[in-house]
Each structure stands twice: as structure tokens, then as C-alpha cells.
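Some notes on the structure that comes next.
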Amino acid sequence: MSAWQDAGGQSADTGRVARDRGGLHLVPTELRLPEDGGAAGPARAWPGSWQPLGARFHTGPDGRPGTNFALWAAGAEAVELCLFDEEGQESRFRLQEQTFQIWHGHLPGVLPGTRYGYRVHGRWDPWTGARWNPAKLLLDPYARAVDGPFVLHDSAYGHVRNWPEREVADTVRDNRDSARHVPKGVVVHDEDDWSDDRRPKTAWADTVLYELHVKGFTKRLPGVPEELRGTYAGLAHPAAVEHLTRLGVTAVELLPVHQFADEEHLQQRGAGNYWGYNTIAFFAPHGGYAATGTRGQQVTEFKQMVRALHAAGIEVILDVVYNHTAEGGEGGPTLSLRGIDNAGYYRLQPHNRRAYADYTGCGNTLDTTQPQALRLVTDSLRYWVSEMGVDGFRFDLAAALARSPFEVSMLAPFLSAVSQDPVLSRVKLIAEPWDVGLGGYQVGQFPPLWTEWNDRYRDTVRDFWRGVAPDVRELGDRLAGSSDLYQRGGRRPYASVNFVTAHDGFTLRDLVSYNSKHNEANGEDNRDGTDDNHAWNCGAEGETDSAAVNALRARQLRNLTATLLLSTGVPMLVAGDEMGRTQGGNNNAYCQDNPTGWIDWSLREDPRWGPLTELTARLIRLRRAHPVLRQRAFFSGRPAHPGGLRDLAWFTARGREMTEADWYAPGATLGMFLSGREMSERDQLGRELTDDSFLLLLHAHHQSTRFVLPGEPWADAYELVVDTSLEEQREAPGTLCPAGTALTVPGRSLLLLRAVGGAAPAEPPQ
């Protein structure tokens with residue numbers, strides 16, 4: 001059906017076109033909509049309600065079950081609701097009611113599991129940002145479940161992809177029906193009150209994050225039944241939960257689980273978007289990770305996974321992609337928002353409304369300065385907290401959400417809305433504090449309530465241990481919680497999410513095994529992925545039989561892991577790093593839905609990697625047992641009470657406190673004394689906390705050094721707790737070293753020593 005008439009020009013099956021402004025457009029005429037329903041369709045749509053948005057199954061005004069449909073489409077001239085039966089036969093119903101720019105109607109007899117979409121009528125004038133095309137079936141932005149993929153086909157595009165004049169192809173409307181090739185929403189019955197769930201509510205300072213991919217974590221996990229591998233149910237399985245609890249992590253950070261679509265260039269190569277950073281439905285759990293089905297079962301399965309993790313004391317944090325959608329730029333498919341209200345959802349160029357403002361590198365940017373786009377994001381976030389049980393979010397390219405309207409502003413509507421929201425202000429909020437636009441790098445700039453991925457921590461720790469740091473100044477800042485970045489505005493040390501690796505980049509093992517990326521398998525001639533890896537292969541590129549190189553790599557892995565888990569801030573591990581997972585040097589495995597991207601669980605039983613797993617678990621236990629290792633406030637460098645020790649002190653290898661000149665001198669050795677005797681923290685009853693004191697020694701030079709252990713008032717002696725020069729750590733190494741002793745620190749190693757004795761704690765003021 002076409003609601004347009006010939007305006008001059010010609011086109012075969014793409015509608016009539018006219019020349020104007022150097023491009024092509026179509027001229028509207030009277031809309032001719034089909035009669036409501038079909039032979040097998042339900043009764044005519046009733047008025048229904050304009051809220052809530054989406055498809056909500058409930059009891060209708062006649063006492064019978066049915067579904068209310070509500071879609072915001074401000075500039076539309078008409079909206080058709082389209083229902084699909086089991087054979088894919090479509091029935092259309094015109095939504096007659098419009099309230100506050102929301103088209104709505106109630107259909108009695110429409111039950112959960114019903115597939116649906118919309119066709120939205122309006123102007124086709126891409127030059128002004130108008131891209132309505134009723135030939136394209138559109139996914140409800142509020143769909144709570146999605147069935148079917150985006151299948152690469154010309155009809156899924158609102159414009160003529162093969163138009164001879166390529167430079168204006170996106171302005172020529174394609175009138176072919178897209179329904180067979182695009183995903184459809186599913187009506188879901190959802191009245192879960194979560195009364196049987198107990199959220200862990202782990203304090204930020206006590207949190208240890210573990211980034212994982214739902215499919216990659218469980219695809220080859222022993223103990224998980226084959227039919228559950230790679231799914232939400234697989235992650236809920238006791239075999240998966242047992243590994244997490246044995247390791248001791250407190251929260252899983254799941255790579256994107258919102259429904260996503262595979263990009264055109266990947267489908268053309270027979271590949272797919274494995275990581276999932278290409279969202280198309282912000283309310284729907286990705287159907288590809290469901291073992292039970294995609295007609296609403298994925299919602300129940302996801303909730304059961306959350307409950308299982310909560311029961312084990314593990315929080316669930318979602319990596320969310322609200323900065324852009326899978327529709328891409330002007331040449332992308334028309335799947336949802338583009339065809340509902342293009343200018344109402346996306347940032348368009350101010351002087352060329354045909355083009356998108358792309359701050360994400362993905363073709364488009366969601367415009368959260370627009371009320372409805374902002375509502376879509378905040379409604380989605382609240383839904384995942386209140387109705388899906390999650391405990392927080394990591395925001396991909398968060399700076400793009402904070403642009404108002406062009407430059408990044410910490411007073412942007414999105415940040416303001418979240419800060420005052422009674423639901424969202426209570427959950428964990430993690431920013432990836434940059435985007436690809438001008439001025440997009442915003443590390444340390446987000447407001448209170450927010451934590452941030454700290455890439456300066458990542459680069460500093462990598463550079464120190466590979467021996468290229470010019471001095472130890474920045475290392476000291478990163479070990480102590482990055483107060484230079486986060487102390488302003490009342491933020492705390494846990495504003496810094498410390499990480500050495502993430503999904504995006506080398507695995508930990510590859511970081512010490514490769515100097516350069518090896519992404520040939522991605523099919524992009526090794527052009528993709530960063531070249532700035534701060535990596536060192538320890539003397540050989542890739543796998544080697546050299547015992548010396550492999551021993552050095554194993555020590556470097558222990559150094560990096562220990563540094564991360566003994567630093568102030570929130571540590572984030574990446575799944576598999578604790579057992580030596582490798583991607584063969586691929587630092588951008590976003591399309592590797594295969595053994596490259598999956599965890600190889602045989603490593604857990606490999607005697608070469610078992611000690612690393614045990615060290616990781618031991619360090620997490622040590623961190624949990626000692627509050628001095630997970631500070632809730634920044635160090636002051638002063639005593640908590642008159643006459644007491646300073647809470648933090650820095651030492652040179654000579655055993656004396658560092659001077660200003662020492663920080664600027666070239667060096668690869670640093671001593672950090674953490675005093676637990678007079679901590680500034682209090683427990684819930686207001687009592688002052690005390691803890692053991694520790695001396696952390698880091699030495700990155702290849703030759704050993706002598707480090708004089710500080711004497712009174714710091715300690716009488718020191719007990720060795722962790723020594724990364726050893727392949728295996730005893731639970732309590734127990735070696736006691738008198739203060740003043742010149743302790744030999746092996747080359748490229750980290751030592752943690754517990755202080756014994758020393759000055760008595762000062763009496764707190766009365």
C-alpha cells in the first residue's frame with residue numbers, strides 16, 4: 001500500500017520521485033488505510049490508554065484479557081498496529097486515538113506471545129529530517145521481548161540502496177514491505193513483584209567487578225548442560241555460580257544483553273556482532289541468549305538468572321548502549337526510531353537535517369536533550385531495576401549522553417534526570433567517560449553518584465610493569481585511588497573503577513605475550529582495534545617454547561593482578577584473565593563468536609595457570625578481610641589523631657620517606673605504607689575502625705634491588721604475605737623480616753608485607 005502519488009520522475013518499485021534542492025523527495029497525498037483487522041484478526045481497537053508506553057497485557061474494560069498499545073510518534077499522520085499470527089500473516093489496525101502525541105488503542109483478545117510491530121505514516125523529506133515510510137515495519141521502542149533478527153535485505157531500508165546517484169540514495173524512498181526481514185515485538189505478561197528476591201546491596205568500596213559475556217562465559221563451561229550453554233540459564237547454573245563465588249567477586253558486569261542487531265558489513269561477511277554493542281530494543285533481553293524461547297520466555301529466564309546470582313551474593317550490572325542504535329547513519333536500515341520520529345530521537349546536523357551528528361563512531365547518536373528520547377532511556381533504566389532486578393549499569397560512551405546540545409556538560413538533561421530519580425540514584429552507575437566527538441574525553445569529570453572506568457589507571461600500571469614509566473609519580477596517584485581525578489565535588493576513591501584489561505583490548509595473557517594486535521580473523525585487514533596497547537611481549541611475539549619467556553610472562557601476570565587488587569578503588573577483572581585466557585593477540589574480538597571469544601575452561605585444570613587462579617582468589621579474600629585495602633575515603637597523608645601515624649606514607653628503596661625530588665627522579669621502585677592503626681572510617685555504630693598495616697613494594701626493573709624496611713614508628717618487623725616472584729603462594733608465607741633490614745626484592749616483582757609492632761596507636765580524642 002502506498003499513501004503517495006506521482007510527483008514527477010519515475011522509479012520501478014520504489015515510488016515516484018520529484019527533483020528538489022539537488023536531491024529527491026516524494027509528495028504526500030490522501031492516506032488510504034486498510035480496514036481494521038482481517039479474517040482472523042480480533043475486534044476493532046478500542047480507545048485504550050496513552051500510558052504506559054509499549055504493549056501491556058491486562059484486563060480490559062469488558063473484564064476480558066487484552067493488550068493496550070501506546071506509541072509516541074509526534075509528527076506522524078497515522079499509525080497502524082500490525083499483528084502477526086503463527087504463519088506470519090499480518091493483520092493491521094489503525095490506532096484512532098492520539099493523546100499528548102501518543103497513539104494508543106486496546107485490543108481485546110491479544111494475549112502474551114503475540115508478535116507485533118507498527119507502520120507509521122508521515123512526510124518523506126529527508127532534507128528536513130523526516131523519514132516516515134509506512135512500508136517499513138517498525139519495532140516498538142518499548143517492546144519487552146523481541147522475536148526474529150534483522151536479516152540483511154534491501155527492503156529493510158527506508159531508502160533505495162542501489163539508487164544510481166549514490167550521493168542522494170538515502171533521499172529516495174523504498175516502498176517494499178520489510179516485515180519478513182526485521183525483528184518484531186512480543187506481548188509479554190509481566191507482574192513479578194520480586195518479593196522473593198534479596199539484593200546483595202554491596203557497598204561500592206567492597207565491590208569487586210567481573211566483566212563477562214553471557215554466551216562466552218558459559219559456552220564451554222563443564223557441568224553446564226549442552227542445551228543451556230551460552231544462555232542466561234547457563235549463567236544461572238550452579239557450575240557457573242560456583243566459579244564466581246570461589247573466586248570471590250561481588251558483581252558481574254554483563255556485556256550488552258539488550259536486544260541487538262548485526263551490522264550490514266558483518267552480515268555480508270557471514271559474521272555477527274558478538275559483543276552486542278548495537279542495540280535495537282532497550283527493554284528486551286537479547287533473545288539469542290535464551291535457552292527457553294523468544295516469545296517472552298527470555299524475560300522469565302533472565303529474571304531467574306538474576307535471582308540465582310543474587311542468592312549467591314552477586315550483583316548484576318548491565319553494560320548498556322544508549323548512545324546510539326543499530327539503525328546507523330543515513331544509509332542504515334529503518335528498524336524502529338528512524339521510522340517513528342527520526343528528528344525526535346536522533347541528533348541531526350543543525351545545518352543539514354538529512355545527516356546525523358555522530359559522536360559514537362556508529363553512524364548516529366541518540367538525542368537525550370529531546371524529552372522523549374530522554375524518557376525512553378530513563379524508562380528503560382527504571383524497568384531493568386524495578387522489573388528485571390538488576391543492580392546497576394555501565395554506560396557505553398557515556399559522554400555522548402551528556403552532550404547538551406553539542407559540548408559535553410555535567411549539567412546535561414540526562415545526568416540531571418538520573419541524579420534526582422528515586423530509583424536510578426540508588427543503583428550503581430558506571431560511566432565510560434568518553435566518546436569520539438570533540439571534547440569527549442571526560443575522565444574524572446562526572447558528578448557524584450557516578451563511578452568511572454579509569455583508563456589512566458590502566459595505562460599507568462601497564463607502563464610501569466613493562467618498564468617504560470619515566471618515574472613513579474603517576475603510579476602513586478593510581479595506587480592511592482586517583483584523588484587527582486576524583487576528589488573534587490565530594491567524590492570518593494570508589495569513583496575510580498580500576499582495570500588493567502577490559503573486553504575491548506588484549507586479554508591479560510595477551511598483554512604480556514604480544515606487542516602488536518593480530519586481528520586478521522576479523523576480516524578488516526588488521527586495521528580495526530587500537531594500536532596503542534601499552535603492551536610488552538616479554539621477548540617473543542605470541543606463543544613460545546622459551547621457558548625463560550614463559551616464566552617472565554607468568555610473573556608479569558601475577559604483578560598486574562596483584563597491583564589491581566591491592567590498589568585503592570574498585571577493581572574490575574575480565575572473565576578468564578584469572579586463568580590465562582588468550583585471544584591469540586586479537587584486541588578487538590567483537591565479531592568472534594567462536595572459541596576465540598569464548599572462555600577455554602580447560603585452562604582452569606592446566607597446572608600452568610592454576611596458581612594464577614588461586615592467587616587471584618587469595619588477593620580478593622585478603623582485600624575483603626582488610627578495610628585498609630578498600631578505603632572509603634581518600635588518604636589525607638596526616639595522622640587521624642595527634643601523635644599517631646599518617647594514614648599513607650611513601651618510601652624509597654633506602655627506607656626513607658620520599659621527598660618531592662624523589663617523585664621526579666627516574667625510578668622503577670616504590671614503597672607504599674598503608675596504616676590501619678588509626679583509620680578515619682567508622683563502623684555502623686560509630687566506632688573507629690582499626691586494621692593491620694601493610695607495606696606494598698613494587699619493583700619493575702629486571703634486576704633485583706635491596707629495599708630497607710622502614711623502622712619505628714612504622715613497624716618493628718614485617719611478615720611477608722604476597723611475593724609475586726614465587727609461582728605459588730602459600731596461604732601465609734610467614735617470613736618475618738626485622739625493620740631496618742635490607743630486603744632483597746627480586747626483579748620485576750611485587751611484595752606485600754604486614755607490619756608487626758611499631759608505635760602504639762594514639763588515643764582517640766575524648
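Identifiers for the C-alpha cells are assigned positionally: chains receive A, B, ... in sequence, residues are indexed from 1 per chain, and ligands are indexed from 1 in the order shown.
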Expected answer as a PyMOL selection string: helix (DSSP H, G or I) residues in segment 212-453 of chain A
chain A and resi 214-218+226-228+232-236+238-247+264-268+287-289+297-311+337-345+371-386+398-401+413-420+424-426
Could you find all residues in segment 603-689 of chain A that DSSP calls strand (DSSP E) from the backbone, and write them as a VMD selection string?
chain A and resid 648 to 651 669 to 674
Can you write just those residues out, N, CA, C and O atoms, as a PDB file, in the first residue's frame?
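Listing of again39.pdb after writing:
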```
ATOM      1  N   LEU A 648      48.975   7.271  55.190  1.00  0.00           N
ATOM      2  CA  LEU A 648      49.665   6.828  53.984  1.00  0.00           C
ATOM      3  C   LEU A 648      51.048   7.449  53.964  1.00  0.00           C
ATOM      4  O   LEU A 648      51.210   8.649  54.217  1.00  0.00           O
ATOM      5  N   ALA A 649      52.043   6.638  53.665  1.00  0.00           N
ATOM      6  CA  ALA A 649      53.411   7.144  53.537  1.00  0.00           C
ATOM      7  C   ALA A 649      54.101   6.428  52.387  1.00  0.00           C
ATOM      8  O   ALA A 649      53.809   5.265  52.092  1.00  0.00           O
ATOM      9  N   TRP A 650      55.032   7.126  51.743  1.00  0.00           N
ATOM     10  CA  TRP A 650      55.742   6.599  50.585  1.00  0.00           C
ATOM     11  C   TRP A 650      57.228   6.502  50.902  1.00  0.00           C
ATOM     12  O   TRP A 650      57.802   7.407  51.515  1.00  0.00           O
ATOM     13  N   PHE A 651      57.866   5.423  50.457  1.00  0.00           N
ATOM     14  CA  PHE A 651      59.257   5.179  50.791  1.00  0.00           C
ATOM     15  C   PHE A 651      60.081   4.857  49.547  1.00  0.00           C
ATOM     16  O   PHE A 651      59.609   4.196  48.612  1.00  0.00           O
ATOM     17  N   THR A 669      61.043   1.674  41.365  1.00  0.00           N
ATOM     18  CA  THR A 669      60.785   1.040  42.654  1.00  0.00           C
ATOM     19  C   THR A 669      60.006   2.003  43.537  1.00  0.00           C
ATOM     20  O   THR A 669      60.322   3.201  43.592  1.00  0.00           O
ATOM     21  N   LEU A 670      58.988   1.482  44.227  1.00  0.00           N
ATOM     22  CA  LEU A 670      58.159   2.324  45.084  1.00  0.00           C
ATOM     23  C   LEU A 670      57.673   1.518  46.273  1.00  0.00           C
ATOM     24  O   LEU A 670      57.271   0.361  46.131  1.00  0.00           O
ATOM     25  N   GLY A 671      57.736   2.147  47.449  1.00  0.00           N
ATOM     26  CA  GLY A 671      57.183   1.550  48.654  1.00  0.00           C
ATOM     27  C   GLY A 671      55.991   2.357  49.144  1.00  0.00           C
ATOM     28  O   GLY A 671      56.059   3.587  49.222  1.00  0.00           O
ATOM     29  N   MET A 672      54.908   1.682  49.481  1.00  0.00           N
ATOM     30  CA  MET A 672      53.660   2.333  49.907  1.00  0.00           C
ATOM     31  C   MET A 672      53.240   1.734  51.240  1.00  0.00           C
ATOM     32  O   MET A 672      52.956   0.540  51.338  1.00  0.00           O
ATOM     33  N   PHE A 673      53.206   2.567  52.283  1.00  0.00           N
ATOM     34  CA  PHE A 673      52.817   2.099  53.615  1.00  0.00           C
ATOM     35  C   PHE A 673      51.382   2.526  53.899  1.00  0.00           C
ATOM     36  O   PHE A 673      51.048   3.711  53.869  1.00  0.00           O
ATOM     37  N   LEU A 674      50.522   1.546  54.163  1.00  0.00           N
ATOM     38  CA  LEU A 674      49.109   1.785  54.459  1.00  0.00           C
ATOM     39  C   LEU A 674      48.888   1.520  55.942  1.00  0.00           C
ATOM     40  O   LEU A 674      49.008   0.389  56.405  1.00  0.00           O
TER      41      LEU A 674
END
```
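Taking atom CA of Gly66 of chain A and atom CA of Asp140 of chain A as endpoints, the distance between them is 17.6 Å.
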Which residues are close to segment 595-605 of chain A, i.e. within 8 Å by only C-alpha atoms, leaving aside same-chain residues fewer than 2 positions away? Reply as a list of chain:residue names.
A:Lys215, A:Gly216, A:Phe217, A:Thr218, A:Lys219, A:Arg220, A:Leu221, A:Pro222, A:Ala575, A:Gly576, A:Met579, A:Gly580, A:Arg581, A:Thr582, A:Gln583, A:Gly584, A:Ala589, A:Gln592, A:Asp593, A:Pro607, A:Trp609, A:Gly610, A:Thr613
Would you list the contacts of Ala668 of chain A as a PDB file with N, CA, C and O atoms, in the first residue's frame, taking every protein, DNA or RNA residue within 12 Å and counting only C-alpha atoms, but skipping same-chain residues closer than 3 positions in sequence?
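Okay, this is what ended up in result_26.pdb:
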```pdb
ATOM      1  N   VAL A 461      49.569   1.507  35.023  1.00  0.00           N
ATOM      2  CA  VAL A 461      50.005   0.219  35.550  1.00  0.00           C
ATOM      3  C   VAL A 461      50.686  -0.598  34.456  1.00  0.00           C
ATOM      4  O   VAL A 461      51.726  -1.237  34.687  1.00  0.00           O
ATOM      5  N   ASP A 463      52.302   0.567  31.841  1.00  0.00           N
ATOM      6  CA  ASP A 463      53.595   1.171  31.529  1.00  0.00           C
ATOM      7  C   ASP A 463      54.623   0.909  32.628  1.00  0.00           C
ATOM      8  O   ASP A 463      55.811   0.694  32.347  1.00  0.00           O
ATOM      9  N   PHE A 464      54.191   0.937  33.879  1.00  0.00           N
ATOM     10  CA  PHE A 464      55.133   0.686  34.970  1.00  0.00           C
ATOM     11  C   PHE A 464      55.716  -0.714  34.860  1.00  0.00           C
ATOM     12  O   PHE A 464      56.937  -0.906  34.917  1.00  0.00           O
ATOM     13  N   TRP A 465      54.854  -1.701  34.695  1.00  0.00           N
ATOM     14  CA  TRP A 465      55.345  -3.077  34.716  1.00  0.00           C
ATOM     15  C   TRP A 465      56.079  -3.470  33.441  1.00  0.00           C
ATOM     16  O   TRP A 465      56.866  -4.424  33.440  1.00  0.00           O
ATOM     17  N   ARG A 466      55.875  -2.741  32.337  1.00  0.00           N
ATOM     18  CA  ARG A 466      56.682  -3.041  31.145  1.00  0.00           C
ATOM     19  C   ARG A 466      57.952  -2.194  31.102  1.00  0.00           C
ATOM     20  O   ARG A 466      58.735  -2.290  30.162  1.00  0.00           O
ATOM     21  N   GLY A 467      58.126  -1.365  32.130  1.00  0.00           N
ATOM     22  CA  GLY A 467      59.394  -0.673  32.303  1.00  0.00           C
ATOM     23  C   GLY A 467      59.590   0.578  31.504  1.00  0.00           C
ATOM     24  O   GLY A 467      60.738   0.958  31.234  1.00  0.00           O
ATOM     25  N   VAL A 468      58.511   1.275  31.122  1.00  0.00           N
ATOM     26  CA  VAL A 468      58.673   2.493  30.327  1.00  0.00           C
ATOM     27  C   VAL A 468      58.192   3.741  31.058  1.00  0.00           C
ATOM     28  O   VAL A 468      58.261   4.835  30.500  1.00  0.00           O
ATOM     29  N   ALA A 469      57.731   3.609  32.298  1.00  0.00           N
ATOM     30  CA  ALA A 469      57.302   4.790  33.058  1.00  0.00           C
ATOM     31  C   ALA A 469      58.532   5.622  33.402  1.00  0.00           C
ATOM     32  O   ALA A 469      59.534   5.094  33.893  1.00  0.00           O
ATOM     33  N   PRO A 470      58.492   6.938  33.164  1.00  0.00           N
ATOM     34  CA  PRO A 470      59.684   7.764  33.417  1.00  0.00           C
ATOM     35  C   PRO A 470      60.010   7.921  34.895  1.00  0.00           C
ATOM     36  O   PRO A 470      61.160   8.132  35.268  1.00  0.00           O
ATOM     37  N   ASP A 471      58.989   7.839  35.745  1.00  0.00           N
ATOM     38  CA  ASP A 471      59.159   7.946  37.183  1.00  0.00           C
ATOM     39  C   ASP A 471      57.942   7.298  37.830  1.00  0.00           C
ATOM     40  O   ASP A 471      57.148   6.633  37.148  1.00  0.00           O
ATOM     41  N   VAL A 472      57.792   7.478  39.147  1.00  0.00           N
ATOM     42  CA  VAL A 472      56.698   6.794  39.852  1.00  0.00           C
ATOM     43  C   VAL A 472      55.586   7.740  40.284  1.00  0.00           C
ATOM     44  O   VAL A 472      54.711   7.357  41.054  1.00  0.00           O
ATOM     45  N   ARG A 473      55.594   8.971  39.783  1.00  0.00           N
ATOM     46  CA  ARG A 473      54.590   9.946  40.227  1.00  0.00           C
ATOM     47  C   ARG A 473      53.167   9.474  39.947  1.00  0.00           C
ATOM     48  O   ARG A 473      52.324   9.435  40.844  1.00  0.00           O
ATOM     49  N   GLU A 474      52.913   9.131  38.696  1.00  0.00           N
ATOM     50  CA  GLU A 474      51.539   8.766  38.358  1.00  0.00           C
ATOM     51  C   GLU A 474      51.156   7.433  38.972  1.00  0.00           C
ATOM     52  O   GLU A 474      50.004   7.225  39.347  1.00  0.00           O
ATOM     53  N   LEU A 475      52.101   6.528  39.120  1.00  0.00           N
ATOM     54  CA  LEU A 475      51.801   5.260  39.763  1.00  0.00           C
ATOM     55  C   LEU A 475      51.296   5.493  41.187  1.00  0.00           C
ATOM     56  O   LEU A 475      50.329   4.860  41.620  1.00  0.00           O
ATOM     57  N   GLY A 476      51.922   6.398  41.921  1.00  0.00           N
ATOM     58  CA  GLY A 476      51.466   6.692  43.273  1.00  0.00           C
ATOM     59  C   GLY A 476      50.038   7.191  43.298  1.00  0.00           C
ATOM     60  O   GLY A 476      49.227   6.769  44.135  1.00  0.00           O
ATOM     61  N   THR A 652      61.343   5.312  49.585  1.00  0.00           N
ATOM     62  CA  THR A 652      62.309   4.912  48.574  1.00  0.00           C
ATOM     63  C   THR A 652      62.927   3.583  48.987  1.00  0.00           C
ATOM     64  O   THR A 652      62.715   3.089  50.102  1.00  0.00           O
ATOM     65  N   ALA A 653      63.717   3.019  48.100  1.00  0.00           N
ATOM     66  CA  ALA A 653      64.371   1.748  48.409  1.00  0.00           C
ATOM     67  C   ALA A 653      65.362   1.878  49.558  1.00  0.00           C
ATOM     68  O   ALA A 653      65.756   0.869  50.163  1.00  0.00           O
ATOM     69  N   ASP A 662      62.307  13.004  44.928  1.00  0.00           N
ATOM     70  CA  ASP A 662      62.253  11.566  44.667  1.00  0.00           C
ATOM     71  C   ASP A 662      61.147  11.211  43.681  1.00  0.00           C
ATOM     72  O   ASP A 662      61.290  10.276  42.885  1.00  0.00           O
ATOM     73  N   TRP A 663      60.040  11.934  43.751  1.00  0.00           N
ATOM     74  CA  TRP A 663      58.924  11.631  42.844  1.00  0.00           C
ATOM     75  C   TRP A 663      59.294  11.907  41.389  1.00  0.00           C
ATOM     76  O   TRP A 663      58.784  11.261  40.476  1.00  0.00           O
ATOM     77  N   TYR A 664      60.160  12.882  41.179  1.00  0.00           N
ATOM     78  CA  TYR A 664      60.537  13.267  39.816  1.00  0.00           C
ATOM     79  C   TYR A 664      61.764  12.530  39.300  1.00  0.00           C
ATOM     80  O   TYR A 664      62.078  12.603  38.116  1.00  0.00           O
ATOM     81  N   ALA A 665      62.461  11.835  40.184  1.00  0.00           N
ATOM     82  CA  ALA A 665      63.672  11.131  39.773  1.00  0.00           C
ATOM     83  C   ALA A 665      63.313   9.863  38.998  1.00  0.00           C
ATOM     84  O   ALA A 665      62.337   9.179  39.323  1.00  0.00           O
ATOM     85  N   GLY A 671      57.736   2.147  47.449  1.00  0.00           N
ATOM     86  CA  GLY A 671      57.183   1.550  48.654  1.00  0.00           C
ATOM     87  C   GLY A 671      55.991   2.357  49.144  1.00  0.00           C
ATOM     88  O   GLY A 671      56.059   3.587  49.222  1.00  0.00           O
ATOM     89  N   LEU A 697      55.502  -3.154  48.210  1.00  0.00           N
ATOM     90  CA  LEU A 697      56.711  -2.848  47.452  1.00  0.00           C
ATOM     91  C   LEU A 697      56.512  -3.261  46.000  1.00  0.00           C
ATOM     92  O   LEU A 697      56.147  -4.404  45.713  1.00  0.00           O
ATOM     93  N   LEU A 698      56.763  -2.342  45.079  1.00  0.00           N
ATOM     94  CA  LEU A 698      56.646  -2.605  43.649  1.00  0.00           C
ATOM     95  C   LEU A 698      57.977  -2.294  42.998  1.00  0.00           C
ATOM     96  O   LEU A 698      58.516  -1.183  43.156  1.00  0.00           O
ATOM     97  N   HIS A 699      58.500  -3.260  42.255  1.00  0.00           N
ATOM     98  CA  HIS A 699      59.819  -3.114  41.641  1.00  0.00           C
ATOM     99  C   HIS A 699      59.749  -3.649  40.210  1.00  0.00           C
ATOM    100  O   HIS A 699      59.583  -4.853  39.987  1.00  0.00           O
ATOM    101  N   ALA A 700      59.868  -2.753  39.226  1.00  0.00           N
ATOM    102  CA  ALA A 700      59.670  -3.126  37.825  1.00  0.00           C
ATOM    103  C   ALA A 700      60.969  -3.340  37.058  1.00  0.00           C
ATOM    104  O   ALA A 700      60.921  -3.745  35.893  1.00  0.00           O
ATOM    105  N   HIS A 701      62.118  -3.086  37.685  1.00  0.00           N
ATOM    106  CA  HIS A 701      63.381  -3.272  36.972  1.00  0.00           C
ATOM    107  C   HIS A 701      63.687  -4.760  36.853  1.00  0.00           C
ATOM    108  O   HIS A 701      63.291  -5.561  37.697  1.00  0.00           O
ATOM    109  N   HIS A 702      64.438  -5.133  35.808  1.00  0.00           N
ATOM    110  CA  HIS A 702      64.700  -6.557  35.599  1.00  0.00           C
ATOM    111  C   HIS A 702      65.710  -7.107  36.594  1.00  0.00           C
ATOM    112  O   HIS A 702      65.770  -8.326  36.811  1.00  0.00           O
ATOM    113  N   GLN A 703      66.505  -6.241  37.204  1.00  0.00           N
ATOM    114  CA  GLN A 703      67.451  -6.694  38.213  1.00  0.00           C
ATOM    115  C   GLN A 703      66.852  -6.543  39.606  1.00  0.00           C
ATOM    116  O   GLN A 703      66.028  -5.658  39.846  1.00  0.00           O
ATOM    117  N   SER A 704      67.274  -7.392  40.518  1.00  0.00           N
ATOM    118  CA  SER A 704      66.785  -7.280  41.892  1.00  0.00           C
ATOM    119  C   SER A 704      67.338  -6.022  42.543  1.00  0.00           C
ATOM    120  O   SER A 704      68.308  -5.421  42.062  1.00  0.00           O
ATOM    121  N   THR A 705      66.706  -5.619  43.647  1.00  0.00           N
ATOM    122  CA  THR A 705      67.155  -4.446  44.385  1.00  0.00           C
ATOM    123  C   THR A 705      67.058  -4.733  45.877  1.00  0.00           C
ATOM    124  O   THR A 705      66.371  -5.676  46.298  1.00  0.00           O
ATOM    125  N   GLY A 747      63.855  -9.002  40.775  1.00  0.00           N
ATOM    126  CA  GLY A 747      63.492  -8.195  39.619  1.00  0.00           C
ATOM    127  C   GLY A 747      62.068  -8.467  39.175  1.00  0.00           C
ATOM    128  O   GLY A 747      61.593  -9.589  39.220  1.00  0.00           O
ATOM    129  N   ARG A 748      61.407  -7.385  38.758  1.00  0.00           N
ATOM    130  CA  ARG A 748      60.027  -7.446  38.271  1.00  0.00           C
ATOM    131  C   ARG A 748      59.143  -8.251  39.231  1.00  0.00           C
ATOM    132  O   ARG A 748      58.618  -9.316  38.893  1.00  0.00           O
ATOM    133  N   SER A 749      58.954  -7.701  40.412  1.00  0.00           N
ATOM    134  CA  SER A 749      58.119  -8.399  41.387  1.00  0.00           C
ATOM    135  C   SER A 749      57.446  -7.413  42.318  1.00  0.00           C
ATOM    136  O   SER A 749      57.838  -6.237  42.426  1.00  0.00           O
ATOM    137  N   LEU A 750      56.427  -7.905  42.992  1.00  0.00           N
ATOM    138  CA  LEU A 750      55.657  -7.146  43.974  1.00  0.00           C
ATOM    139  C   LEU A 750      55.646  -7.931  45.275  1.00  0.00           C
ATOM    140  O   LEU A 750      55.403  -9.149  45.268  1.00  0.00           O
TER     141      LEU A 750
END
```
Which residues are close to segment 295-308 of chain A, i.e. within 9 Å by only C-alpha atoms, leaving aside same-chain residues fewer than 6 positions away? Reply as a ChimeraX atom specification.
/A:112-115,144-147,185-190,194,196-199,231-238,241,284-289,314-316,387-390
Residues within 7 Å of segment 614-630 of chain A, please, as a PyMOL selection string. Count only C-alpha atoms; anything in the same chain fewer than 5 positions from it doesn't count.
chain A and resi 205-206+247-248+561-562+565-566+568-569+578+674+676+691+729
So that I can see what lies close to segment 715-725 of chain A, please list as a ChimeraX atom specification the residues with an atom at most 8 Å from it, counting only C-alpha atoms and leaving out residues fewer than 2 positions away in the same chain.
/A:555,558-559,562,709-713,727,729,732-739,746,748-759
Residue nearest Glu167 of chain A - candidates A:Lys184, A:Arg394, A:Arg354, A:Arg426, atoms counted: only C-alpha atoms
A:Arg354
Judged by only C-alpha atoms, the minimum distance to Leu401 of chain A among A:Ala661, A:Leu366, A:Ile102, A:Val385 is found for A:Leu366
